[in-house]
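What follows is data-v7.pdb (PDB, C-alpha atoms, pLDDT in the B column).
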MODEL        1
ATOM      1  CA  MET A   1    -123.664-119.531 -34.606  1.00 66.00           C
ATOM      2  CA  SER A   2    -126.422-117.067 -33.823  1.00 74.00           C
ATOM      3  CA  LEU A   3    -129.430-116.362 -35.972  1.00 70.00           C
ATOM      4  CA  HIS A   4    -128.999-112.636 -35.276  1.00 76.00           C
ATOM      5  CA  LYS A   5    -125.563-112.687 -36.926  1.00 79.00           C
ATOM      6  CA  GLN A   6    -127.009-114.366 -40.023  1.00 82.00           C
ATOM      7  CA  PRO A   7    -129.730-112.020 -41.323  1.00 83.00           C
ATOM      8  CA  GLU A   8    -130.068-113.973 -44.594  1.00 85.00           C
ATOM      9  CA  LEU A   9    -130.769-117.205 -42.727  1.00 81.00           C
ATOM     10  CA  LYS A  10    -133.198-115.420 -40.412  1.00 82.00           C
ATOM     11  CA  ASN A  11    -135.137-114.026 -43.380  1.00 85.00           C
ATOM     12  CA  ALA A  12    -135.146-117.423 -45.084  1.00 83.00           C
ATOM     13  CA  VAL A  13    -136.555-119.072 -41.954  1.00 82.00           C
ATOM     14  CA  LEU A  14    -139.210-116.380 -41.585  1.00 84.00           C
ATOM     15  CA  ASN A  15    -140.221-116.851 -45.228  1.00 87.00           C
ATOM     16  CA  LEU A  16    -140.720-120.612 -44.891  1.00 84.00           C
ATOM     17  CA  PRO A  17    -144.267-121.919 -45.295  1.00 88.00           C
ATOM     18  CA  GLN A  18    -146.183-122.106 -42.007  1.00 90.00           C
ATOM     19  CA  LYS A  19    -146.326-125.899 -42.074  1.00 90.00           C
ATOM     20  CA  GLU A  20    -142.523-126.177 -42.334  1.00 88.00           C
ATOM     21  CA  LYS A  21    -142.057-123.616 -39.559  1.00 83.00           C
ATOM     22  CA  ASP A  22    -144.349-125.669 -37.346  1.00 86.00           C
ATOM     23  CA  LYS A  23    -142.322-128.835 -38.000  1.00 88.00           C
ATOM     24  CA  LEU A  24    -139.063-127.042 -37.234  1.00 85.00           C
ATOM     25  CA  LEU A  25    -140.509-125.516 -34.085  1.00 84.00           C
ATOM     26  CA  VAL A  26    -141.677-128.890 -32.783  1.00 87.00           C
ATOM     27  CA  ARG A  27    -138.253-130.425 -33.522  1.00 88.00           C
ATOM     28  CA  LEU A  28    -136.428-127.594 -31.763  1.00 85.00           C
ATOM     29  CA  VAL A  29    -138.711-127.575 -28.739  1.00 85.00           C
ATOM     30  CA  SER A  30    -138.343-131.329 -28.285  1.00 88.00           C
ATOM     31  CA  LYS A  31    -134.546-130.940 -27.960  1.00 89.00           C
ATOM     32  CA  ASP A  32    -134.735-128.458 -25.065  1.00 88.00           C
ATOM     33  CA  LYS A  33    -136.246-129.933 -21.883  1.00 91.00           C
ATOM     34  CA  MET A  34    -136.468-126.600 -20.068  1.00 90.00           C
ATOM     35  CA  LEU A  35    -138.208-124.962 -23.013  1.00 88.00           C
ATOM     36  CA  MET A  36    -140.668-127.875 -23.111  1.00 89.00           C
ATOM     37  CA  LYS A  37    -141.438-127.393 -19.409  1.00 89.00           C
ATOM     38  CA  GLN A  38    -141.868-123.640 -19.870  1.00 88.00           C
ATOM     39  CA  LEU A  39    -144.202-124.055 -22.828  1.00 87.00           C
ATOM     40  CA  HIS A  40    -146.184-126.762 -21.055  1.00 86.00           C
ATOM     41  CA  PHE A  41    -146.681-124.441 -18.088  1.00 88.00           C
ATOM     42  CA  GLN A  42    -147.549-121.377 -20.190  1.00 87.00           C
ATOM     43  CA  LEU A  43    -149.853-123.111 -22.634  1.00 86.00           C
ATOM     44  CA  LEU A  44    -151.479-125.949 -20.711  1.00 87.00           C
ATOM     45  CA  GLU A  45    -151.553-125.015 -17.031  1.00 82.00           C
ATOM     46  CA  ASN A  46    -153.560-122.551 -14.955  1.00 86.00           C
ATOM     47  CA  GLN A  47    -153.486-120.975 -11.473  1.00 82.00           C
ATOM     48  CA  LEU A  48    -154.431-124.242  -9.747  1.00 88.00           C
ATOM     49  CA  ASP A  49    -151.521-125.978 -11.448  1.00 86.00           C
ATOM     50  CA  LEU A  50    -149.205-123.220 -10.238  1.00 88.00           C
ATOM     51  CA  GLU A  51    -150.416-123.755  -6.678  1.00 92.00           C
ATOM     52  CA  ASP A  52    -149.800-127.498  -7.084  1.00 92.00           C
ATOM     53  CA  ARG A  53    -146.294-126.822  -8.384  1.00 92.00           C
ATOM     54  CA  ILE A  54    -145.566-124.541  -5.435  1.00 93.00           C
ATOM     55  CA  GLU A  55    -146.831-127.123  -2.955  1.00 95.00           C
ATOM     56  CA  ASN A  56    -144.790-129.852  -4.668  1.00 95.00           C
ATOM     57  CA  LEU A  57    -141.679-127.671  -4.437  1.00 95.00           C
ATOM     58  CA  ARG A  58    -142.278-127.018  -0.736  1.00 95.00           C
ATOM     59  CA  GLU A  59    -142.749-130.729  -0.155  1.00 95.00           C
ATOM     60  CA  SER A  60    -139.571-131.551  -2.081  1.00 95.00           C
ATOM     61  CA  LEU A  61    -137.600-129.098   0.054  1.00 95.00           C
ATOM     62  CA  ARG A  62    -139.078-130.529   3.262  1.00 94.00           C
ATOM     63  CA  ASP A  63    -138.212-134.028   2.045  1.00 93.00           C
ATOM     64  CA  LEU A  64    -134.644-132.951   1.340  1.00 91.00           C
ATOM     65  CA  PHE A  65    -134.192-131.917   4.945  1.00 90.00           C
ATOM     66  CA  SER A  66    -136.085-134.852   6.440  1.00 90.00           C
ATOM     67  CA  THR A  67    -134.238-137.530   4.448  1.00 86.00           C
ATOM     68  CA  ASN A  68    -130.872-135.975   5.261  1.00 81.00           C
ATOM     69  CA  ARG A  69    -131.503-135.376   8.952  1.00 75.00           C
ATOM     70  CA  TYR A  70    -129.726-138.625   9.807  1.00 80.00           C
ATOM     71  CA  THR A  71    -126.783-138.164   7.443  1.00 87.00           C
ATOM     72  CA  ILE A  72    -125.986-134.550   8.346  1.00 88.00           C
ATOM     73  CA  LYS A  73    -125.167-133.886  11.982  1.00 90.00           C
ATOM     74  CA  ASN A  74    -124.826-130.519  13.664  1.00 86.00           C
ATOM     75  CA  ILE A  75    -121.193-131.373  14.398  1.00 86.00           C
ATOM     76  CA  PRO A  76    -118.398-129.404  12.710  1.00 88.00           C
ATOM     77  CA  GLN A  77    -116.857-132.222  10.678  1.00 89.00           C
ATOM     78  CA  TYR A  78    -115.728-132.354   7.064  1.00 91.00           C
ATOM     79  CA  SER A  79    -118.466-134.763   5.951  1.00 91.00           C
ATOM     80  CA  ASN A  80    -121.241-132.669   7.505  1.00 92.00           C
ATOM     81  CA  TYR A  81    -120.063-129.499   5.739  1.00 93.00           C
ATOM     82  CA  LYS A  82    -119.939-131.330   2.408  1.00 94.00           C
ATOM     83  CA  GLU A  83    -123.338-132.991   2.877  1.00 94.00           C
ATOM     84  CA  LEU A  84    -125.005-129.710   3.848  1.00 94.00           C
ATOM     85  CA  GLN A  85    -123.523-127.917   0.865  1.00 95.00           C
ATOM     86  CA  THR A  86    -124.786-130.711  -1.397  1.00 94.00           C
ATOM     87  CA  LEU A  87    -128.253-130.449   0.167  1.00 95.00           C
ATOM     88  CA  LEU A  88    -128.313-126.667  -0.326  1.00 96.00           C
ATOM     89  CA  ARG A  89    -127.216-127.048  -3.946  1.00 96.00           C
ATOM     90  CA  GLN A  90    -129.959-129.606  -4.600  1.00 95.00           C
ATOM     91  CA  GLY A  91    -132.557-127.337  -3.019  1.00 96.00           C
ATOM     92  CA  SER A  92    -131.325-124.336  -4.992  1.00 96.00           C
ATOM     93  CA  GLY A  93    -131.525-126.363  -8.187  1.00 96.00           C
ATOM     94  CA  LEU A  94    -135.147-127.263  -7.496  1.00 96.00           C
ATOM     95  CA  ILE A  95    -135.966-123.613  -6.805  1.00 96.00           C
ATOM     96  CA  ASN A  96    -134.099-122.414  -9.914  1.00 95.00           C
ATOM     97  CA  GLU A  97    -136.010-124.819 -12.132  1.00 95.00           C
ATOM     98  CA  HIS A  98    -139.318-123.764 -10.564  1.00 95.00           C
ATOM     99  CA  GLU A  99    -138.524-120.102 -11.193  1.00 95.00           C
ATOM    100  CA  LYS A 100    -137.425-120.674 -14.790  1.00 94.00           C
ATOM    101  CA  VAL A 101    -140.616-122.563 -15.588  1.00 92.00           C
ATOM    102  CA  THR A 102    -143.199-120.506 -13.678  1.00 92.00           C
ATOM    103  CA  LYS A 103    -141.553-117.056 -13.400  1.00 92.00           C
ATOM    104  CA  ASP A 104    -143.271-116.810  -9.987  1.00 91.00           C
ATOM    105  CA  LYS A 105    -141.062-114.512  -7.901  1.00 93.00           C
ATOM    106  CA  TYR A 106    -142.991-114.798  -4.646  1.00 94.00           C
ATOM    107  CA  SER A 107    -142.824-118.585  -4.357  1.00 94.00           C
ATOM    108  CA  GLU A 108    -139.186-118.480  -5.446  1.00 95.00           C
ATOM    109  CA  MET A 109    -138.349-116.078  -2.614  1.00 95.00           C
ATOM    110  CA  GLU A 110    -140.450-117.988  -0.111  1.00 95.00           C
ATOM    111  CA  CYS A 111    -138.570-121.199  -0.912  1.00 96.00           C
ATOM    112  CA  ARG A 112    -135.116-119.573  -0.981  1.00 96.00           C
ATOM    113  CA  ILE A 113    -135.739-118.104   2.459  1.00 96.00           C
ATOM    114  CA  TYR A 114    -137.081-121.446   3.698  1.00 96.00           C
ATOM    115  CA  LEU A 115    -133.969-123.263   2.461  1.00 96.00           C
ATOM    116  CA  LEU A 116    -131.594-120.894   4.266  1.00 96.00           C
ATOM    117  CA  LYS A 117    -133.713-120.706   7.407  1.00 95.00           C
ATOM    118  CA  GLU A 118    -133.937-124.489   7.724  1.00 94.00           C
ATOM    119  CA  ALA A 119    -130.195-124.887   7.234  1.00 93.00           C
ATOM    120  CA  PHE A 120    -129.469-122.223   9.851  1.00 94.00           C
ATOM    121  CA  GLU A 121    -131.956-123.635  12.379  1.00 93.00           C
ATOM    122  CA  ARG A 122    -131.010-127.294  11.976  1.00 92.00           C
ATOM    123  CA  PHE A 123    -127.242-126.927  11.636  1.00 92.00           C
ATOM    124  CA  PRO A 124    -126.130-123.705  13.368  1.00 93.00           C
ATOM    125  CA  ARG A 125    -122.737-125.098  14.394  1.00 91.00           C
ATOM    126  CA  LEU A 126    -121.805-125.717  10.774  1.00 91.00           C
ATOM    127  CA  PHE A 127    -121.839-121.960  10.175  1.00 91.00           C
ATOM    128  CA  GLU A 128    -119.475-121.080  13.012  1.00 88.00           C
ATOM    129  CA  ALA A 129    -115.886-120.087  12.231  1.00 86.00           C
ATOM    130  CA  SER A 130    -113.760-123.120  11.402  1.00 84.00           C
ATOM    131  CA  GLY A 131    -110.388-123.974   9.942  1.00 85.00           C
ATOM    132  CA  VAL A 132    -111.775-126.845   7.887  1.00 86.00           C
ATOM    133  CA  HIS A 133    -111.609-126.092   4.162  1.00 91.00           C
ATOM    134  CA  ALA A 134    -115.065-127.606   3.556  1.00 91.00           C
ATOM    135  CA  ALA A 135    -116.508-125.144   6.108  1.00 90.00           C
ATOM    136  CA  PHE A 136    -114.931-122.281   4.203  1.00 92.00           C
ATOM    137  CA  LYS A 137    -116.446-123.533   0.923  1.00 94.00           C
ATOM    138  CA  LEU A 138    -119.867-123.907   2.566  1.00 94.00           C
ATOM    139  CA  GLN A 139    -119.671-120.358   3.909  1.00 93.00           C
ATOM    140  CA  ILE A 140    -118.714-118.976   0.492  1.00 94.00           C
ATOM    141  CA  TYR A 141    -121.649-120.810  -1.072  1.00 96.00           C
ATOM    142  CA  VAL A 142    -124.079-119.589   1.596  1.00 95.00           C
ATOM    143  CA  LYS A 143    -122.794-116.012   1.310  1.00 95.00           C
ATOM    144  CA  ALA A 144    -123.543-116.103  -2.412  1.00 95.00           C
ATOM    145  CA  ARG A 145    -127.045-117.509  -1.770  1.00 95.00           C
ATOM    146  CA  LEU A 146    -127.651-114.828   0.867  1.00 95.00           C
ATOM    147  CA  LYS A 147    -126.591-112.083  -1.521  1.00 95.00           C
ATOM    148  CA  THR A 148    -128.814-113.434  -4.297  1.00 94.00           C
ATOM    149  CA  THR A 149    -131.760-113.902  -1.949  1.00 95.00           C
ATOM    150  CA  SER A 150    -131.350-110.456  -0.427  1.00 94.00           C
ATOM    151  CA  ASN A 151    -131.128-108.766  -3.838  1.00 94.00           C
ATOM    152  CA  LYS A 152    -134.203-110.582  -5.133  1.00 94.00           C
ATOM    153  CA  PHE A 153    -136.069-109.832  -1.908  1.00 94.00           C
ATOM    154  CA  ASP A 154    -135.335-106.117  -2.323  1.00 93.00           C
ATOM    155  CA  LYS A 155    -136.804-106.220  -5.851  1.00 93.00           C
ATOM    156  CA  LEU A 156    -140.116-107.700  -4.680  1.00 91.00           C
ATOM    157  CA  HIS A 157    -143.155-105.474  -4.308  1.00 92.00           C
ATOM    158  CA  GLU A 158    -143.373-104.074  -0.777  1.00 91.00           C
ATOM    159  CA  ASP A 159    -146.593-105.975  -0.012  1.00 91.00           C
ATOM    160  CA  LEU A 160    -144.893-109.259  -0.890  1.00 90.00           C
ATOM    161  CA  GLN A 161    -141.826-108.228   1.107  1.00 89.00           C
ATOM    162  CA  PHE A 162    -144.059-107.631   4.103  1.00 92.00           C
ATOM    163  CA  ASP A 163    -145.388-111.206   3.957  1.00 92.00           C
ATOM    164  CA  LEU A 164    -141.850-112.631   3.980  1.00 92.00           C
ATOM    165  CA  SER A 165    -140.144-110.038   6.180  1.00 92.00           C
ATOM    166  CA  ASP A 166    -140.170-111.991   9.481  1.00 94.00           C
ATOM    167  CA  ASP A 167    -138.502-115.065   8.006  1.00 94.00           C
ATOM    168  CA  MET A 168    -136.080-112.951   5.987  1.00 93.00           C
ATOM    169  CA  GLN A 169    -135.126-111.016   9.106  1.00 94.00           C
ATOM    170  CA  GLN A 170    -134.430-114.260  10.987  1.00 94.00           C
ATOM    171  CA  VAL A 171    -132.163-115.390   8.154  1.00 93.00           C
ATOM    172  CA  LEU A 172    -130.334-112.053   8.090  1.00 93.00           C
ATOM    173  CA  ASP A 173    -129.953-111.971  11.887  1.00 94.00           C
ATOM    174  CA  PHE A 174    -128.383-115.432  11.893  1.00 91.00           C
ATOM    175  CA  ALA A 175    -126.151-114.494   8.960  1.00 91.00           C
ATOM    176  CA  ASN A 176    -124.995-111.321  10.717  1.00 90.00           C
ATOM    177  CA  SER A 177    -124.268-113.108  13.978  1.00 90.00           C
ATOM    178  CA  ASN A 178    -122.173-115.711  12.114  1.00 85.00           C
ATOM    179  CA  HIS A 179    -120.368-113.185   9.879  1.00 83.00           C
ATOM    180  CA  LEU A 180    -121.940-114.505   6.694  1.00 82.00           C
ATOM    181  CA  ILE A 181    -122.851-111.017   5.479  1.00 82.00           C
TER     182      ILE A 181
ENDMDL
END
Can you present the structure in this file as structure tokens?
Amino acid sequence: MSLHKQPELKNAVLNLPQKEKDKLLVRLVSKDKMLMKQLHFQLLENQLDLEDRIENLRESLRDLFSTNRYTIKNIPQYSNYKELQTLLRQGSGLINEHEKVTKDKYSEMECRIYLLKEAFERFPRLFEASGVHAAFKLQIYVKARLKTTSNKFDKLHEDLQFDLSDDMQQVLDFANSNHLI
């Protein structure tokens, strides 16, 4: 049920006393974790906090790769394809949450490019053509991430694109050479 489809309810809510609206707002916000994080960032944090968040995200992504360097091998085997796809999904989830909370497009793009670049540099053999079904699923997932990253990169301001262009070009070159685009 949407509030927009219930104009009477919407008007009744808007006509509530301010104190009651405040109580309802606090109750609603406390039920939505993402909304709480967004409001915390918008209302209580500043530019230094954003820089800390960006650095924490970078560190989390580095940790993802460093903790999994012993479990994922650059050998085309079923388990390695699955583990790498899981790692990429975890990294993408961290980046998605960061973007939803901060709305910072530059750090989002920087981290998306980093995630793909690291995967391509550390595990190039896992992106070669293979008959293993898990390899096919990994390639489909990476193709979707490449498309999303490329589209978002194109929407960035040209000055920001310039800062990220070398890394993005490396990602695209690898993707082209492995038929991922």
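Here the PyMOL selection byres ((chain A and resi 167) around 10) matches the residues Glu110, Ile113, Tyr114, Leu116, Lys117, Asp163, Leu164, Ser165, Asp166, Met168, Gln169, Gln170, Val171, Leu172 and Asp173 of chain A.
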Nearest to Gln90 (chain A) by atom-to-atom distance, counting all atoms listed in the file, from A:Ser60, A:Ser66, A:Ser2, A:Gln77: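 Among A:Ser60, A:Ser66, A:Ser2, A:Gln77, it is A:Ser60 that comes nearest to Gln90 (chain A).
In terms of minimum interatomic distance to Asn176 (chain A), A:Leu146 ranks closest within A:Ala119, A:Leu146, A:Val29, A:Leu88, counting only C-alpha atoms.
Shortest atom-to-atom contact with Asn96 (chain A) among A:Arg145, A:Phe65, A:Val13, A:Glu121: A:Arg145, counting all atoms listed in the file.
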Pick out the residues sitting within 12 Å of Ile140 (chain A), and hand them over as a PDB file with C-alpha atoms, in the coordinates of the input; count all atoms listed in the file, and ignore anything fewer than 4 positions along from it in its own chain.
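This went into part-v3.pdb:
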ATOM      1  CA  TYR A  81    -120.063-129.499   5.739  1.00 93.00           C
ATOM      2  CA  GLN A  85    -123.523-127.917   0.865  1.00 95.00           C
ATOM      3  CA  PHE A 127    -121.839-121.960  10.175  1.00 91.00           C
ATOM      4  CA  HIS A 133    -111.609-126.092   4.162  1.00 91.00           C
ATOM      5  CA  ALA A 134    -115.065-127.606   3.556  1.00 91.00           C
ATOM      6  CA  ALA A 135    -116.508-125.144   6.108  1.00 90.00           C
ATOM      7  CA  PHE A 136    -114.931-122.281   4.203  1.00 92.00           C
ATOM      8  CA  ALA A 144    -123.543-116.103  -2.412  1.00 95.00           C
ATOM      9  CA  ARG A 145    -127.045-117.509  -1.770  1.00 95.00           C
ATOM     10  CA  LEU A 146    -127.651-114.828   0.867  1.00 95.00           C
ATOM     11  CA  LYS A 147    -126.591-112.083  -1.521  1.00 95.00           C
ATOM     12  CA  HIS A 179    -120.368-113.185   9.879  1.00 83.00           C
ATOM     13  CA  LEU A 180    -121.940-114.505   6.694  1.00 82.00           C
ATOM     14  CA  ILE A 181    -122.851-111.017   5.479  1.00 82.00           C
TER      15      ILE A 181
END
For Ile72 (chain A): contacts at 7 Å, only C-alpha atoms, fewer than 3 positions along chain excluded, given as a VMD selection string: chain A and resid 68 to 69 80 83 to 84
Could those selected residues go to a file with C-alpha atoms, as a PDB file, in the coordinates of the input?
ATOM      1  CA  ASN A  68    -130.872-135.975   5.261  1.00 81.00           C
ATOM      2  CA  ARG A  69    -131.503-135.376   8.952  1.00 75.00           C
ATOM      3  CA  ASN A  80    -121.241-132.669   7.505  1.00 92.00           C
ATOM      4  CA  GLU A  83    -123.338-132.991   2.877  1.00 94.00           C
ATOM      5  CA  LEU A  84    -125.005-129.710   3.848  1.00 94.00           C
TER       6      LEU A  84
END
Produce the centre coordinates and the three edge lengths, each in Å to one decimal, of the box along x, y and z that contains all listed atoms of region 168-178 of chain A with 8 Å added on each side, as AutoDock Vina command-line options.
--center_x -129.1 --center_y -113.4 --center_z 10.0 --size_x 29.9 --size_y 20.7 --size_z 24.0
Neighbour residues at most 12 Å from (-130.8, -122.7, -8.5) (only C-alpha atoms) as a ChimeraX atom specification: /A:87-100,108-109,111-112,115,141,144-145,148-149
